[in-house]
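Structure file coords_21.cif with mmCIF, C-alpha atoms:
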```cif
data_target
loop_
_atom_site.group_PDB
_atom_site.id
_atom_site.type_symbol
_atom_site.label_atom_id
_atom_site.label_comp_id
_atom_site.auth_asym_id
_atom_site.auth_seq_id
_atom_site.Cartn_x
_atom_site.Cartn_y
_atom_site.Cartn_z
ATOM 1 C CA LYS A 1 -17.081 8.489 -6.808
ATOM 2 C CA LEU A 2 -18.668 8.399 -3.389
ATOM 3 C CA VAL A 3 -22.290 9.080 -2.627
ATOM 4 C CA ASN A 4 -22.797 12.418 -0.921
ATOM 5 C CA GLN A 5 -25.600 11.679 1.454
ATOM 6 C CA SER A 6 -25.886 11.107 5.160
ATOM 7 C CA ILE A 7 -25.458 7.485 6.172
ATOM 8 C CA ASP A 8 -25.549 5.996 9.664
ATOM 9 C CA LEU A 9 -21.862 5.190 10.178
ATOM 10 C CA SER A 10 -22.704 2.415 12.628
ATOM 11 C CA THR A 11 -24.193 0.428 9.733
ATOM 12 C CA ILE A 12 -21.123 0.735 7.480
ATOM 13 C CA GLN A 13 -18.945 -2.348 7.011
ATOM 14 C CA VAL A 14 -17.283 -1.629 3.659
ATOM 15 C CA VAL A 15 -16.800 1.603 1.711
ATOM 16 C CA VAL A 16 -16.170 1.167 -2.025
ATOM 17 C CA ILE A 17 -14.574 3.959 -4.061
ATOM 18 C CA SER A 18 -15.056 3.506 -7.802
ATOM 19 C CA SER A 19 -12.278 4.841 -10.007
ATOM 20 C CA THR A 20 -11.432 4.945 -13.704
ATOM 21 C CA LEU A 21 -7.721 5.083 -12.804
ATOM 22 C CA ASN A 22 -5.785 1.817 -13.121
ATOM 23 C CA ASN A 23 -2.454 2.360 -11.424
ATOM 24 C CA TYR A 24 -2.488 -1.074 -9.774
ATOM 25 C CA ASP A 25 -1.340 -0.977 -6.126
ATOM 26 C CA TRP A 26 -1.219 2.813 -6.211
ATOM 27 C CA THR A 27 -4.830 3.420 -7.244
ATOM 28 C CA GLY A 28 -5.876 2.921 -3.631
ATOM 29 C CA PHE A 29 -3.443 5.530 -2.351
ATOM 30 C CA HIS A 30 -4.759 8.014 -4.894
ATOM 31 C CA SER A 31 -8.394 7.191 -4.113
ATOM 32 C CA ILE A 32 -7.831 7.995 -0.444
ATOM 33 C CA SER A 33 -6.204 11.304 -1.335
ATOM 34 C CA THR A 34 -8.895 12.447 -3.771
ATOM 35 C CA ASN A 35 -11.645 11.643 -1.256
ATOM 36 C CA ILE A 36 -9.830 12.532 1.957
ATOM 37 C CA THR A 37 -12.438 15.038 3.143
ATOM 38 C CA HIS A 38 -15.411 12.716 2.567
ATOM 39 C CA TYR A 39 -16.890 11.608 5.873
ATOM 40 C CA LEU A 40 -16.808 7.926 4.820
ATOM 41 C CA VAL A 41 -13.093 8.125 3.986
ATOM 42 C CA THR A 42 -11.533 10.588 6.400
ATOM 43 C CA SER A 43 -9.622 8.970 9.257
ATOM 44 C CA GLN A 44 -6.580 9.646 11.405
ATOM 45 C CA PHE A 45 -4.915 6.395 10.305
ATOM 46 C CA TYR A 46 -5.040 3.969 7.363
ATOM 47 C CA CYS A 47 -3.957 0.351 6.916
ATOM 48 C CA TYR A 48 -3.149 -0.388 3.285
ATOM 49 C CA LEU A 49 -3.598 -3.991 2.122
ATOM 50 C CA LEU A 50 -4.078 -5.685 -1.245
ATOM 51 C CA ASP A 51 -6.773 -8.025 -2.536
ATOM 52 C CA THR A 52 -4.218 -10.863 -2.521
ATOM 53 C CA CYS A 53 -3.956 -10.709 1.290
ATOM 54 C CA ILE A 54 -5.778 -12.449 4.088
ATOM 55 C CA VAL A 55 -5.898 -11.185 7.655
ATOM 56 C CA LYS A 56 -5.518 -13.539 10.602
ATOM 57 C CA SER A 57 -7.214 -13.520 13.998
ATOM 58 C CA ASP A 58 -4.828 -11.036 15.669
ATOM 59 C CA PHE A 59 -4.952 -8.490 12.842
ATOM 60 C CA TYR A 60 -7.186 -5.918 14.565
ATOM 61 C CA TYR A 61 -5.363 -6.233 17.869
ATOM 62 C CA LYS A 62 -1.951 -5.756 16.248
ATOM 63 C CA ILE A 63 -3.128 -2.888 14.049
ATOM 64 C CA ASN A 64 -4.490 -1.079 17.107
ATOM 65 C CA GLN A 65 -1.137 -1.537 18.831
ATOM 66 C CA LYS A 66 0.675 0.046 15.886
ATOM 67 C CA VAL A 67 -1.846 2.900 15.655
ATOM 68 C CA ASN A 68 -1.198 3.714 19.309
ATOM 69 C CA GLU A 69 2.539 3.754 18.637
ATOM 70 C CA LEU A 70 2.112 5.987 15.592
ATOM 71 C CA ASP A 71 -0.060 8.303 17.640
ATOM 72 C CA CYS A 72 2.385 8.788 20.514
ATOM 73 C CA ASN A 73 5.844 8.413 18.944
ATOM 74 C CA ASP A 74 7.778 11.296 17.442
ATOM 75 C CA ASN A 75 6.139 11.300 14.033
ATOM 76 C CA LYS A 76 6.278 15.039 13.333
ATOM 77 C CA CYS A 77 2.803 15.419 14.791
ATOM 78 C CA THR A 78 1.556 18.882 15.607
ATOM 79 C CA ASP A 79 -1.834 17.287 16.255
ATOM 80 C CA SER A 80 -3.553 13.977 15.554
ATOM 81 C CA ASN A 81 -4.858 15.207 12.187
ATOM 82 C CA HIS A 82 -1.352 15.569 10.798
ATOM 83 C CA ASN A 83 0.330 12.341 11.855
ATOM 84 C CA GLU A 84 3.146 11.582 9.409
ATOM 85 C CA GLY A 85 4.194 8.173 10.718
ATOM 86 C CA ILE A 86 4.462 5.155 8.410
ATOM 87 C CA TYR A 87 4.810 1.515 9.460
ATOM 88 C CA ILE A 88 6.164 -0.607 6.605
ATOM 89 C CA ALA A 89 8.356 -3.715 6.319
ATOM 90 C CA PRO A 90 11.842 -3.525 4.763
ATOM 91 C CA LYS A 91 11.768 -3.940 0.989
ATOM 92 C CA PRO A 92 10.348 -5.917 -0.651
ATOM 93 C CA HIS A 93 7.108 -5.104 1.164
ATOM 94 C CA SER A 94 4.393 -5.096 -1.556
ATOM 95 C CA ASN A 95 3.376 -1.589 -0.353
ATOM 96 C CA ILE A 96 1.564 -3.057 2.662
ATOM 97 C CA CYS A 97 1.696 -0.374 5.321
ATOM 98 C CA LEU A 98 0.006 1.568 8.099
ATOM 99 C CA PHE A 99 0.181 5.361 7.998
ATOM 100 C CA GLY A 100 -1.186 8.556 9.479
ATOM 101 C CA VAL A 101 -3.428 10.958 7.592
ATOM 102 C CA GLY A 102 -0.577 13.481 7.376
ATOM 103 C CA VAL A 103 1.095 11.110 4.909
ATOM 104 C CA VAL A 104 -1.947 11.379 2.622
ATOM 105 C CA TYR A 105 -1.782 15.167 2.652
ATOM 106 C CA ASN A 106 1.946 14.944 1.925
ATOM 107 C CA TYR A 107 1.662 12.686 -1.136
ATOM 108 C CA GLY A 108 -1.379 14.454 -2.602
ATOM 109 C CA ASP A 109 -1.776 13.430 -6.263
ATOM 110 C CA ASN A 110 1.667 11.772 -6.539
ATOM 111 C CA PHE A 111 0.089 8.378 -7.352
ATOM 112 C CA GLY A 112 -2.476 9.687 -9.813
ATOM 113 C CA ARG A 113 -0.727 12.244 -12.001
ATOM 114 C CA TYR A 114 0.907 9.682 -14.272
ATOM 115 C CA VAL A 115 0.134 6.188 -15.572
ATOM 116 C CA ILE A 116 2.100 3.701 -13.454
ATOM 117 C CA SER A 117 2.846 0.269 -14.924
ATOM 118 C CA LYS A 118 3.447 -2.861 -12.862
ATOM 119 C CA ASN A 119 7.134 -2.722 -13.802
ATOM 120 C CA ASP A 120 7.329 0.931 -12.735
ATOM 121 C CA GLY A 121 5.791 0.019 -9.424
ATOM 122 C CA LEU A 122 8.165 -2.890 -8.897
ATOM 123 C CA THR A 123 11.084 -0.539 -9.557
ATOM 124 C CA LEU A 124 9.693 1.948 -7.041
ATOM 125 C CA GLU A 125 9.250 -0.731 -4.388
ATOM 126 C CA MET A 126 12.597 -2.487 -4.846
ATOM 127 C CA PHE A 127 14.743 0.660 -4.713
ATOM 128 C CA GLU A 128 12.615 2.983 -2.539
ATOM 129 C CA LYS A 129 13.974 5.858 -4.603
ATOM 130 C CA PRO A 130 12.228 8.231 -7.027
ATOM 131 C CA ILE A 131 11.863 7.000 -10.581
ATOM 132 C CA PHE A 132 12.254 9.379 -13.502
ATOM 133 C CA TYR A 133 10.192 9.374 -16.696
ATOM 134 C CA SER A 134 11.343 10.716 -20.045
ATOM 135 C CA SER A 135 8.533 13.282 -19.845
ATOM 136 C CA GLY A 136 10.223 14.817 -16.817
ATOM 137 C CA TYR A 137 7.709 13.443 -14.317
ATOM 138 C CA VAL A 138 9.190 12.118 -11.056
ATOM 139 C CA LEU A 139 7.313 9.428 -9.100
ATOM 140 C CA HIS A 140 7.982 8.909 -5.396
ATOM 141 C CA GLY A 141 7.151 5.884 -3.254
ATOM 142 C CA ILE A 142 5.070 6.009 -0.086
ATOM 143 C CA THR A 143 8.146 6.102 2.179
ATOM 144 C CA ARG A 144 9.013 9.545 0.772
ATOM 145 C CA PHE A 145 6.037 11.136 2.504
ATOM 146 C CA GLY A 146 6.434 10.425 6.211
ATOM 147 C CA LYS A 147 8.623 9.198 9.025
ATOM 148 C CA VAL A 148 9.329 5.502 8.360
ATOM 149 C CA ASN A 149 9.103 2.954 11.182
ATOM 150 C CA ARG A 150 10.106 -0.514 9.987
ATOM 151 C CA LEU A 151 8.026 -3.580 10.677
ATOM 152 C CA ILE A 152 9.630 -7.004 11.081
ATOM 153 C CA PRO A 153 10.683 -8.331 7.632
ATOM 154 C CA ARG A 154 8.062 -10.566 6.088
ATOM 155 C CA ILE A 155 8.621 -14.313 6.359
ATOM 156 C CA LYS A 156 8.276 -16.783 3.493
ATOM 157 C CA MET A 157 5.837 -19.539 4.440
ATOM 158 C CA GLY A 158 5.954 -21.719 1.333
ATOM 159 C CA SER A 159 3.689 -21.728 -1.707
ATOM 160 C CA GLU A 160 0.098 -22.592 -2.527
ATOM 161 C CA ASP A 161 -2.264 -22.362 -5.493
ATOM 162 C CA TRP A 162 -4.680 -19.971 -3.773
ATOM 163 C CA TYR A 163 -6.716 -19.206 -6.873
ATOM 164 C CA ASN A 164 -6.733 -22.650 -8.531
ATOM 165 C CA THR A 165 -4.903 -21.354 -11.596
ATOM 166 C CA GLY A 166 -2.278 -24.103 -11.718
ATOM 167 C CA LYS A 167 0.282 -21.417 -10.824
ATOM 168 C CA PRO A 168 1.294 -21.621 -7.164
ATOM 169 C CA ARG A 169 1.913 -18.339 -5.399
ATOM 170 C CA GLU A 170 4.552 -17.766 -2.737
ATOM 171 C CA LEU A 171 3.074 -16.910 0.663
ATOM 172 C CA TYR A 172 4.611 -14.282 2.947
ATOM 173 C CA TYR A 173 3.676 -13.577 6.547
ATOM 174 C CA TYR A 174 3.768 -10.082 8.055
ATOM 175 C CA THR A 175 4.246 -10.879 11.732
ATOM 176 C CA ASP A 176 3.643 -7.394 13.103
ATOM 177 C CA ILE A 177 0.147 -7.117 11.624
ATOM 178 C CA ASP A 178 -0.862 -10.799 11.272
ATOM 179 C CA VAL A 179 -1.349 -10.692 7.494
ATOM 180 C CA ILE A 180 -0.488 -13.241 4.779
ATOM 181 C CA LYS A 181 0.254 -12.002 1.251
ATOM 182 C CA SER A 182 0.349 -14.233 -1.824
ATOM 183 C CA ILE A 183 2.708 -13.302 -4.670
ATOM 184 C CA TYR A 184 3.218 -14.739 -8.144
ATOM 185 C CA ILE A 185 6.929 -13.960 -8.079
ATOM 186 C CA GLY A 186 8.317 -12.271 -11.179
ATOM 187 C CA HIS A 187 4.983 -12.323 -12.997
ATOM 188 C CA THR A 188 1.487 -10.893 -13.085
ATOM 189 C CA GLY A 189 -1.779 -12.017 -14.644
ATOM 190 C CA ASP A 190 -2.155 -15.534 -13.261
ATOM 191 C CA ILE A 191 -5.665 -14.833 -11.975
ATOM 192 C CA ASN A 192 -7.047 -13.642 -15.317
ATOM 193 C CA SER A 193 -4.878 -16.015 -17.424
ATOM 194 C CA SER A 194 -2.916 -13.146 -18.964
ATOM 195 C CA ILE A 195 0.560 -13.895 -17.634
ATOM 196 C CA GLN A 196 3.344 -11.376 -18.160
ATOM 197 C CA SER A 197 6.850 -11.195 -16.762
ATOM 198 C CA LEU A 198 7.757 -8.424 -14.322
ATOM 199 C CA LYS A 199 11.150 -6.770 -14.166
ATOM 200 C CA TYR A 200 12.326 -3.603 -12.484
ATOM 201 C CA ASN A 201 14.082 -0.962 -14.539
ATOM 202 C CA ILE A 202 17.214 0.325 -12.834
ATOM 203 C CA LYS A 203 17.684 2.889 -15.621
ATOM 204 C CA MET A 204 14.696 4.829 -14.240
ATOM 205 C CA VAL A 205 16.333 5.240 -10.837
ATOM 206 C CA ASN A 206 18.996 7.777 -9.870
ATOM 207 C CA ILE A 207 21.190 5.529 -7.673
#
```
Write the structure described by the file as structure tokens, please.
Amino acid sequence: KLVNQSIDLSTIQVVVISSTLNNYDWTGFHSISTNITHYLVTSQFYCYLLDTCIVKSDFYYKINQKVNELDCNDNKCTDSNHNEGIYIAPKPHSNICLFGVGVVYNYGDNFGRYVISKNDGLTLEMFEKPIFYSSGYVLHGITRFGKVNRLIPRIKMGSEDWYNTGKPRELYYYTDIDVIKSIYIGHTGDINSSIQSLKYNIKMVNI
């Protein structure tokens, strides 16, 4: 929930959206959509990162470059408020991406209508195809909702125990946006000492 009161935008550094939804990586997508008209959230473009990322010194410069490309390339734009361009690395990409606001209007409540597990999300990311639930619900990934422009594939940099858990994480560098992402490959829960294995479910995907 966001406060509905006038705030001097020049003083804003961080906007926090509280949510009772826990759909992991996809909660953020849904939070943007459900608050898209709020003056602290509305924007022509969004850069989607995770809390297990760090940005390097050229991040803002490179992001601005990509925004300019999204704004002027053929991204189905009728005007700047409906830009449907998406910049995302080839899979696996950890859902790190840059996209126009038209993508948000396209996906709507796709990421909030159903409970998404970490394994569901891994399946969605690895195949970039819809996944089908026994209830009849169909979940689409972010690339379904705009014109995809591929970033340079991420580069493995080695491994490091970022969080002092005794479980090193693999580090991946996203050259086009100057971001490093840490990943506990094949598992989740190292930070809160509740480790579980991750595995995609090909049976949920219509290949």
Exercise. Near Ile177 of chain A, counting all atoms listed in the file, which residues have an atom at most 12 Å away, once you skip same-chain residues fewer than 5 positions from it, shown as a list of chain:residue names?
Worked result: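 After dropping sequence-adjacent residues, the list is A:Cys47, A:Tyr48, A:Leu49, A:Cys53, A:Ile54, A:Val55, A:Lys56, A:Ser57, A:Asp58, A:Phe59, A:Tyr60, A:Tyr61, A:Lys62, A:Ile63, A:Asn64, A:Gln65, A:Lys66, A:Val67, A:Tyr87, A:Ile88, A:Ala89, A:Ile96, A:Cys97, A:Leu98, A:Leu151, A:Ile152, A:Pro153, A:Arg154.
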Exercise. Could you state the separation of atom CA of Lys203 of chain A and atom CA of Ser182 of chain A in Å, given to one decimal place?
Worked result: 28.0 Å
For this session: Check the smallest atom-to-atom distance from each of A:His38, A:Lys156, A:Arg113, A:Arg150 to Asp176 of chain A using all atoms listed in the file, then report the winner.
Result: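 Between A:His38, A:Lys156, A:Arg113, A:Arg150, the residue approaching Asp176 of chain A most closely is A:Arg150.
Distances here use only C-alpha atoms; by that measure, the residue among A:Leu198, A:Ile86, A:Val179, A:Met204 closest to Gly136 of chain A is A:Met204.
Using all atoms listed in the file, the protein and nucleic acid residues lying no more than 7 Å from Asn119 of chain A, apart from those fewer than 4 places from it along its own chain, are Thr123, Leu198, Lys199 and Tyr200 of chain A.
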For this session: To verify the selection step, state as a ChimeraX atom specification which residues the PyMOL selection byres ((chain A and resi 187) around 7) yields on this input.
Result: /A:184-186,188-189,195-198
Problem set entry | Interatomic distance (Å, one decimal) between atom CA of Gly141 of chain A and atom CA of Glu125 of chain A | 7.0 Å
For this session: Find the residues near Arg169 of chain A: any atom within 10 Å, counting all atoms listed in the file, skip ones fewer than 6 places away on the same chain, and give them as a PyMOL selection string.
Result: chain A and resi 158-163+181-185+190
Exercise. If you measure from atom CA of Lys147 of chain A to atom CA of Leu124 of chain A, what distance in Å do you get, rounded to one decimal?
Worked result: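 For atom CA of Lys147 of chain A relative to atom CA of Leu124 of chain A, the distance reads 17.7 Å.
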Problem set entry | segment 11-28 of chain A surroundings by only C-alpha atoms, 9 Å radius, close-in-sequence under 2 positions cut, as a list in words |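 With the cut-off at 9 Å, the set is Lys1, Leu2, Ile7, Asp8, Leu9, His30, Ser31, Ile32, Ser33, Asn35, Leu40, Val41, Tyr48, Leu50, Ser94, Asn95, Phe111, Gly112, Tyr114, Val115, Ile116, Ser117, Lys118 and Gly121 of chain A.
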Could you save those same residues with C-alpha atoms as an mmCIF file, keeping the file's coordinate frame?
```cif
data_model
loop_
_atom_site.group_PDB
_atom_site.id
_atom_site.type_symbol
_atom_site.label_atom_id
_atom_site.label_comp_id
_atom_site.auth_asym_id
_atom_site.auth_seq_id
_atom_site.Cartn_x
_atom_site.Cartn_y
_atom_site.Cartn_z
ATOM 1 C CA LYS A 1 -17.081 8.489 -6.808
ATOM 2 C CA LEU A 2 -18.668 8.399 -3.389
ATOM 3 C CA ILE A 7 -25.458 7.485 6.172
ATOM 4 C CA ASP A 8 -25.549 5.996 9.664
ATOM 5 C CA LEU A 9 -21.862 5.190 10.178
ATOM 6 C CA HIS A 30 -4.759 8.014 -4.894
ATOM 7 C CA SER A 31 -8.394 7.191 -4.113
ATOM 8 C CA ILE A 32 -7.831 7.995 -0.444
ATOM 9 C CA SER A 33 -6.204 11.304 -1.335
ATOM 10 C CA ASN A 35 -11.645 11.643 -1.256
ATOM 11 C CA LEU A 40 -16.808 7.926 4.820
ATOM 12 C CA VAL A 41 -13.093 8.125 3.986
ATOM 13 C CA TYR A 48 -3.149 -0.388 3.285
ATOM 14 C CA LEU A 50 -4.078 -5.685 -1.245
ATOM 15 C CA SER A 94 4.393 -5.096 -1.556
ATOM 16 C CA ASN A 95 3.376 -1.589 -0.353
ATOM 17 C CA PHE A 111 0.089 8.378 -7.352
ATOM 18 C CA GLY A 112 -2.476 9.687 -9.813
ATOM 19 C CA TYR A 114 0.907 9.682 -14.272
ATOM 20 C CA VAL A 115 0.134 6.188 -15.572
ATOM 21 C CA ILE A 116 2.100 3.701 -13.454
ATOM 22 C CA SER A 117 2.846 0.269 -14.924
ATOM 23 C CA LYS A 118 3.447 -2.861 -12.862
ATOM 24 C CA GLY A 121 5.791 0.019 -9.424
#
```
For this session: Considering only C-alpha atoms, return as a count of residues only whatever protein or nucleic-acid residues lie within 10 Å of Tyr107 of chain A, sequence-local ones (same chain, fewer than 2 positions apart) excluded.
Result: 17
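Among A:Ser43, A:Gly108, A:Pro90, A:Gly85, the residue with the shortest atom-to-atom distance to Ile155 of chain A, counting all atoms listed in the file, is A:Pro90.
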Exercise. Nearest to Asn164 of chain A: which of A:Ile191, A:Ile180, A:Leu139, A:Val148 is it, counting only C-alpha atoms?
Worked result: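 So, comparing all the options, the nearest one is A:Ile191.
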Problem set entry | Minimum-distance residue to Ser134 of chain A, chosen among A:Gly100, A:Val205, A:Asp178, A:Ser193 (using all atoms listed in the file) | A:Val205
